[in-house]
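For reference, the structure is listed below as structure tokens.
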Amino acid sequence: MHAENSLELRPLSRRLFQLWFVFCVISVLLWIACVVAHKLGWDPLSKHLLSEPLSDITVYITRFYLYRTPAFFTNFGDPTISSFAYPPAAALVYFLFYKVTPHPKYLYVAFSLLWGAFACVGSWLFCTRLLNSARRGSLLAASFLLFSFPFLFMVQRGNIEIVAWAVITMGLLAYLEGGLYAAAILLGVAASIKIYPVLLLGIFLSRRKDFGPAAAGLATFAGVTLFALWFTGPSIKYAAHGYLSGVAGFQDVYAEHIRAAEIGFDHSLFSVLKLIAIDHGIDPAVLTRPYYLVTGLVATVAFFLRANKLPFVNRLAFLVAGMILLPPVSYEYTLVHLFLLVPLLLAILLRFSGVEEAGQAKIAMGALACILCLLLPVDLYGTEHAFFAGQIQVLPLLLLMGLAVASPWGTLDLGIDAA
């Protein structure tokens with residue numbers, strides 16, 4: 001069935017309306033409390049962040065004067081020349097931001113505004129069609145803004161997660177429209193920028209006929225990475241060693257240590273284990289390899305034995321939650337990848353009409369509640385060492401993964417769940 005027919009118009013159920021309304025009220029209260037806390041000086045952590053806007057997009061400016069030279073990977077011991085800690089394809093993204101204009105902040109803000117406008121218009125069109133009412137659709141789309149904290153946080157930091165998010169979103173939209181190879185290629189590009197989006201290629205593994213697009217996605221991931229290594233130079237081998245050293249340095253500084261200014265924004269499962277380990281006098285560095293092995297094995301088994309047999313939205317939610325939860329470090333802006341799940345769940349929930357579907361509806365509503373919890377502006381509260389909001393967010397992420405494999409939530413009638 002074509003995508004236009006996937007959103008059959010149904011009245012908003014009372015329970016769904018009540019859930020959405022409750023979370024909107026909670027979000028409004030939290031935003032108000034955030035403003036009050038900032039005015040009264042109760043949020044020293046947010047003051048630190050607000051004093052350095054867009055710092056992520058400018059942090060490598062000095063380093064990139066050396067891009068495409070062997071000295072690009074040299075550790076100068078100078079804190080003003082940050083070592084590059086991203087995959088090779090991410091260097092291409094930074095290179096474009098620095099090459100197009102001498103003011104990358106302006107380019108980043110422009111890109112953020114354009115992508116934000118695209119997301120807002122798309123949300124409004126979706127909600128209007130979903131509810132068969134311009135007024136109610138506009139009201140629902142406007143309420144989405146109450147859950148925009150991860151997007152605002154990402155833009156305020158100037159993080160290139162917005163590029164990966166845009167590419168992933170376009171890839172998933174292509175998938176929903178039946179463009180499987182286009183979707184796989186876009187997801188492969190996103191994975192080359194941030195690595196963990198490679199998990200999303202799992203959406204192609206439920207049907208044997210989709211193995212071709214999955215292979216195309218992996219080939220794109222490998223091809224873009226190899227091109228980025230060649231482009232960096234002076235040789236692929238030399239560049240690969242340099243990038244691996246940078247990523248290893250990132251793990252040593254960020255993943256294996258507690259950074260007071262950032263731990264509250266880290267909702268990685270490993271952040272919880274790290275805090276427990278330090279509290280018991282254990283060096284978190286000794287846990288990294290076991291963590292990768294155990295979480296990788298458990299997630300793989302759960303996916304292939306259960307999630308991969310469920311409808312598309314279940315599989316996508318499981319993979320997106322895993323992509324956010326399982327990396328050794330995962331900051332607030334990674335939650336933007338949950339945004340696309342919200343309209344998909346709304347579309348499914350508005351289809352439920354029979355008593356026999358009540359159990360599925362409850363589980364889908366629970367999943368929606370988990371996502372809305374994660375999109376609330378809770379990270380700006382408390383002092384350093386006092387409020388670990390990121391570690392609290394681990395709970396709804398784990399629950400979301402569990403609900404994704406507990407029961408089918410329903411289908412979108414796009415033909416993507418056919419055998």
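In the structure tokens, chains take letters A, B, ... by order of appearance, with residues numbered from 1 within each chain and ligands from 1 in the order shown.
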
Please list as a CSV table (one decimal) with C-alpha atoms, in the first residue's frame every residue within 12 Å of Leu146 in chain A, counting only C-alpha atoms and excluding residues in the same chain fewer than 4 positions away.
```csv
chain,number,residue,atom,x,y,z
A,20,TRP,CA,-0.1,13.1,25.5
A,21,PHE,CA,-1.8,15.9,27.6
A,22,VAL,CA,-0.1,14.7,30.8
A,23,PHE,CA,3.3,14.7,29.2
A,24,CYS,CA,2.7,18.1,27.7
A,25,VAL,CA,1.8,19.6,31.1
A,26,ILE,CA,4.9,17.9,32.7
A,27,SER,CA,7.1,19.4,29.9
A,28,VAL,CA,5.7,22.9,30.4
A,29,LEU,CA,6.3,22.7,34.1
A,30,LEU,CA,9.8,21.5,33.6
A,31,TRP,CA,10.6,24.3,31.1
A,32,ILE,CA,9.2,26.8,33.6
A,139,LEU,CA,-2.2,21.8,17.7
A,140,LEU,CA,-0.6,18.4,17.9
A,141,ALA,CA,2.3,19.5,15.8
A,142,ALA,CA,2.9,22.6,17.9
A,150,PRO,CA,17.5,17.1,22.7
A,151,PHE,CA,17.4,19.1,19.4
A,152,LEU,CA,18.0,22.4,21.2
A,372,LEU,CA,8.3,11.1,25.9
A,373,CYS,CA,10.1,10.7,29.2
A,375,LEU,CA,12.5,13.9,25.5
A,376,LEU,CA,11.7,15.9,28.7
A,377,PRO,CA,14.1,18.8,29.7
```

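Residues surrounding Asp78 in chain A within 12 Å are Thr62, Arg63, Thr74, Ser82 and Ser83 of chain A [only C-alpha atoms; sequence separation below 4 positions excluded].
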
Write the residues of the selection above to a file with N, CA and C atoms, as a PDB file, in the first residue's frame.
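The result, stored in part_9.pdb:
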```pdb
ATOM      1  N   THR A  62      41.597  24.720  14.667  1.00  0.00           N
ATOM      2  CA  THR A  62      43.067  24.761  14.600  1.00  0.00           C
ATOM      3  C   THR A  62      43.625  23.452  14.075  1.00  0.00           C
ATOM      4  N   ARG A  63      43.065  22.344  14.520  1.00  0.00           N
ATOM      5  CA  ARG A  63      43.523  21.031  14.066  1.00  0.00           C
ATOM      6  C   ARG A  63      43.377  20.891  12.556  1.00  0.00           C
ATOM      7  N   THR A  74      49.156  14.414  14.868  1.00  0.00           N
ATOM      8  CA  THR A  74      50.172  14.632  15.892  1.00  0.00           C
ATOM      9  C   THR A  74      49.563  15.184  17.169  1.00  0.00           C
ATOM     10  N   SER A  82      42.828  20.319  19.906  1.00  0.00           N
ATOM     11  CA  SER A  82      42.206  19.062  20.295  1.00  0.00           C
ATOM     12  C   SER A  82      42.514  17.965  19.283  1.00  0.00           C
ATOM     13  N   SER A  83      42.825  16.785  19.785  1.00  0.00           N
ATOM     14  CA  SER A  83      43.027  15.627  18.916  1.00  0.00           C
ATOM     15  C   SER A  83      41.683  15.210  18.321  1.00  0.00           C
TER      16      SER A  83
END
```

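When only C-alpha atoms are used to compute distances to Leu131 in chain A, the closest of the residues A:Ala216, A:Ser13, A:Gln391, A:His257 turns out to be A:Ser13.
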
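For the pair CA of Gly390 in chain A and CA of Ile276 in chain A, the interatomic distance is 14.3 Å.
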
**Message:** Using only C-alpha atoms, which protein or nucleic acid residues come within 9 Å of range 283-295 of chain A? Drop anything in the same chain fewer than 5 positions from it, and give the result as a list in words.
**Reply:** Asp252, Ala255, Glu256, His257, Phe270, Leu273, Lys274, Leu275, Ala277, Ile278, Thr300, Leu326, Pro327 and Pro328 of chain A

Give me a file of those residues, with C-alpha atoms, as a PDB file, in the first residue's frame.
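Listed below is the output, result.pdb:
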```
ATOM      1  CA  ASP A 252      40.369   6.783  27.417  1.00  0.00           C
ATOM      2  CA  ALA A 255      34.403   6.479  28.277  1.00  0.00           C
ATOM      3  CA  GLU A 256      36.772   5.248  30.976  1.00  0.00           C
ATOM      4  CA  HIS A 257      36.657   8.271  33.285  1.00  0.00           C
ATOM      5  CA  PHE A 270      28.155   1.931  30.518  1.00  0.00           C
ATOM      6  CA  LEU A 273      28.421   0.570  35.321  1.00  0.00           C
ATOM      7  CA  LYS A 274      31.233   3.130  35.411  1.00  0.00           C
ATOM      8  CA  LEU A 275      29.754   4.918  38.418  1.00  0.00           C
ATOM      9  CA  ALA A 277      32.768   0.490  39.450  1.00  0.00           C
ATOM     10  CA  ILE A 278      34.348   3.705  40.721  1.00  0.00           C
ATOM     11  CA  THR A 300      22.371  -9.651  18.982  1.00  0.00           C
ATOM     12  CA  LEU A 326      24.797   0.744  24.191  1.00  0.00           C
ATOM     13  CA  PRO A 327      27.749   2.954  23.103  1.00  0.00           C
ATOM     14  CA  PRO A 328      30.242   3.564  25.954  1.00  0.00           C
TER      15      PRO A 328
END
```

**Request:** Take CA of Ala191 in chain A and CA of Ala164 in chain A and report the distance between them in Å, one decimal.
**Result:** 7.9 Å

**Asked** Looking at only C-alpha atoms, which of A:Ile160, A:Arg315, A:Ala367, A:Leu125 is the one that sits closest to Leu201 in chain A?
**Response**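 Smallest distance to Leu201 in chain A is found for A:Arg315.
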
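Restricting the calculation to only C-alpha atoms, the smallest distance between Phe64 in chain A and any of A:Leu173, A:Leu346, A:Ala91, A:Ile363 is found for A:Ala91.
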
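If you measure from each of A:His38, A:Phe227, A:Gln156, A:Phe111 to Leu92 in chain A using only C-alpha atoms, the closest one turns out to be A:Phe227.
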
**Request:** Find the spatial neighbours of Met401 in chain A, counting only C-alpha atoms, within a cut-off of 8 Å - ignore same-chain residues fewer than 3 positions away - and output them as a list in words.
**Result:**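 So the residues in contact are Ala317, Phe318, Ala321, Gly322, Leu397, Leu398, Ala404 and Val405 of chain A.
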
Pull C-alpha atoms from the residues just selected and write them as an mmCIF file, in the first residue's frame.
```cif
data_model
loop_
_atom_site.group_PDB
_atom_site.id
_atom_site.type_symbol
_atom_site.label_atom_id
_atom_site.label_comp_id
_atom_site.auth_asym_id
_atom_site.auth_seq_id
_atom_site.Cartn_x
_atom_site.Cartn_y
_atom_site.Cartn_z
ATOM 1 C CA ALA A 317 12.520 0.996 18.153
ATOM 2 C CA PHE A 318 14.751 -1.838 19.391
ATOM 3 C CA ALA A 321 17.163 2.415 21.552
ATOM 4 C CA GLY A 322 20.209 0.142 21.302
ATOM 5 C CA LEU A 397 15.770 3.216 27.311
ATOM 6 C CA LEU A 398 16.050 -0.305 28.710
ATOM 7 C CA ALA A 404 9.932 -3.525 21.602
ATOM 8 C CA VAL A 405 10.419 -7.290 21.931
#
```

**Prompt:** Interatomic distance between CA of Ser112 in chain A and CA of Ser55 in chain A?
**Reply:**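 Taking CA of Ser112 in chain A and CA of Ser55 in chain A, their separation equals 14.8 Å.
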
**Request:** Between A:Val189, A:Ala166, A:Leu176, A:Leu205, single out the one closest to His337 in chain A, counting only C-alpha atoms.
**Result:**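 Looking at the shortest contact to His337 in chain A, the residue is A:Ala166.
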
Residues flagged helix (DSSP H, G or I) by DSSP in range 241-324 of chain A, as a JSON list (two decimals) with C-alpha atoms, in the first residue's frame:
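New file out_0.json:
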```
[["chain", "number", "residue", "atom", "x", "y", "z"],
["A", 241, "HIS", "CA", 46.24, 4.31, 12.32],
["A", 242, "GLY", "CA", 45.81, 7.99, 13.12],
["A", 243, "TYR", "CA", 42.02, 7.83, 13.34],
["A", 244, "LEU", "CA", 42.13, 4.67, 15.47],
["A", 245, "SER", "CA", 44.52, 6.42, 17.86],
["A", 246, "GLY", "CA", 42.11, 9.36, 18.09],
["A", 247, "VAL", "CA", 39.11, 7.13, 18.83],
["A", 248, "ALA", "CA", 41.16, 5.21, 21.42],
["A", 249, "GLY", "CA", 42.09, 8.51, 23.04],
["A", 250, "PHE", "CA", 38.43, 9.49, 23.14],
["A", 251, "GLN", "CA", 37.58, 6.23, 24.90],
["A", 252, "ASP", "CA", 40.37, 6.78, 27.42],
["A", 253, "VAL", "CA", 39.29, 10.35, 28.23],
["A", 254, "TYR", "CA", 35.50, 10.12, 27.98],
["A", 255, "ALA", "CA", 34.40, 6.48, 28.28],
["A", 263, "ILE", "CA", 28.18, 12.68, 33.31],
["A", 264, "GLY", "CA", 24.67, 14.08, 33.82],
["A", 265, "PHE", "CA", 24.14, 14.13, 30.06],
["A", 269, "LEU", "CA", 24.40, 1.93, 29.96],
["A", 270, "PHE", "CA", 28.16, 1.93, 30.52],
["A", 271, "SER", "CA", 27.90, 5.22, 32.44],
["A", 272, "VAL", "CA", 25.91, 3.41, 35.14],
["A", 273, "LEU", "CA", 28.42, 0.57, 35.32],
["A", 274, "LYS", "CA", 31.23, 3.13, 35.41],
["A", 275, "LEU", "CA", 29.75, 4.92, 38.42],
["A", 276, "ILE", "CA", 29.23, 1.62, 40.25],
["A", 277, "ALA", "CA", 32.77, 0.49, 39.45],
["A", 278, "ILE", "CA", 34.35, 3.71, 40.72],
["A", 279, "ASP", "CA", 32.23, 3.55, 43.86],
["A", 284, "PRO", "CA", 36.33, 1.32, 34.56],
["A", 285, "ALA", "CA", 39.00, 0.63, 31.91],
["A", 286, "VAL", "CA", 38.98, -3.07, 32.81],
["A", 287, "LEU", "CA", 35.24, -3.22, 32.09],
["A", 288, "THR", "CA", 35.22, -1.88, 28.55],
["A", 289, "ARG", "CA", 36.02, -5.12, 26.69],
["A", 290, "PRO", "CA", 33.66, -7.29, 28.78],
["A", 291, "TYR", "CA", 31.00, -4.59, 28.32],
["A", 292, "TYR", "CA", 31.34, -4.65, 24.53],
["A", 293, "LEU", "CA", 31.25, -8.46, 24.45],
["A", 294, "VAL", "CA", 28.32, -8.96, 26.82],
["A", 295, "THR", "CA", 26.07, -6.16, 25.54],
["A", 296, "GLY", "CA", 26.88, -7.01, 21.94],
["A", 297, "LEU", "CA", 26.04, -10.67, 22.47],
["A", 298, "VAL", "CA", 22.84, -10.04, 24.43],
["A", 299, "ALA", "CA", 21.56, -7.43, 21.97],
["A", 300, "THR", "CA", 22.37, -9.65, 18.98],
["A", 301, "VAL", "CA", 20.60, -12.67, 20.47],
["A", 302, "ALA", "CA", 17.55, -10.59, 21.46],
["A", 303, "PHE", "CA", 17.36, -9.09, 17.99],
["A", 304, "PHE", "CA", 17.61, -12.27, 15.96],
["A", 305, "LEU", "CA", 15.54, -14.48, 18.27],
["A", 307, "ALA", "CA", 12.89, -8.41, 17.51],
["A", 308, "ASN", "CA", 13.68, -9.47, 13.94],
["A", 309, "LYS", "CA", 10.44, -11.45, 13.82],
["A", 312, "PHE", "CA", 8.97, -2.80, 11.38],
["A", 313, "VAL", "CA", 8.24, -0.28, 14.14],
["A", 314, "ASN", "CA", 9.20, -2.82, 16.82],
["A", 315, "ARG", "CA", 12.47, -3.57, 15.05],
["A", 316, "LEU", "CA", 13.23, 0.10, 14.51],
["A", 317, "ALA", "CA", 12.52, 1.00, 18.15],
["A", 318, "PHE", "CA", 14.75, -1.84, 19.39],
["A", 319, "LEU", "CA", 17.61, -0.79, 17.12],
["A", 320, "VAL", "CA", 17.29, 2.95, 17.78],
["A", 321, "ALA", "CA", 17.16, 2.42, 21.55],
["A", 322, "GLY", "CA", 20.21, 0.14, 21.30],
["A", 323, "MET", "CA", 22.04, 2.70, 19.18],
["A", 324, "ILE", "CA", 21.44, 5.29, 21.92]]
```

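If you count only C-alpha atoms and ignore residues fewer than 3 places along the chain from Gly212 in chain A, what sits within 12 Å of it is A:Leu180, A:Tyr181, A:Ala182, A:Ala183, A:Ala184, A:Ile185, A:Leu201, A:Phe204, A:Leu205, A:Arg207, A:Arg208, A:Lys209, A:Ala215, A:Ala216, A:Gly217, A:Leu218, A:Ala219.
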
Keeping only C-alpha atoms, write the selected residues to a file as a compact mmCIF listing (two decimals), in the first residue's frame.
```
# COMPACT_ATOMS: atom_id res chain seq x y z
CA LEU A 180 15.20 0.15 0.10
CA TYR A 181 18.50 0.65 -1.69
CA ALA A 182 18.37 4.42 -1.25
CA ALA A 183 17.59 3.89 2.43
CA ALA A 184 20.47 1.45 2.88
CA ILE A 185 22.93 3.78 1.17
CA LEU A 201 20.91 -1.78 8.86
CA PHE A 204 16.77 -5.12 6.36
CA LEU A 205 17.39 -8.51 7.97
CA ARG A 207 13.28 -10.73 4.89
CA ARG A 208 15.74 -12.57 2.69
CA LYS A 209 14.89 -10.39 -0.30
CA ALA A 215 24.82 -5.48 1.74
CA ALA A 216 24.61 -2.17 -0.15
CA GLY A 217 24.48 -0.31 3.15
CA LEU A 218 27.55 -2.11 4.47
CA ALA A 219 29.37 -1.51 1.19
```

**Prompt:** Looking at A:Cys370, A:Leu40, A:Leu96, A:Ala347, which one is nearest to Leu335 in chain A, with distances taken over only C-alpha atoms?
**Reply:**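 For Leu335 in chain A, the nearest of the given residues is A:Cys370.
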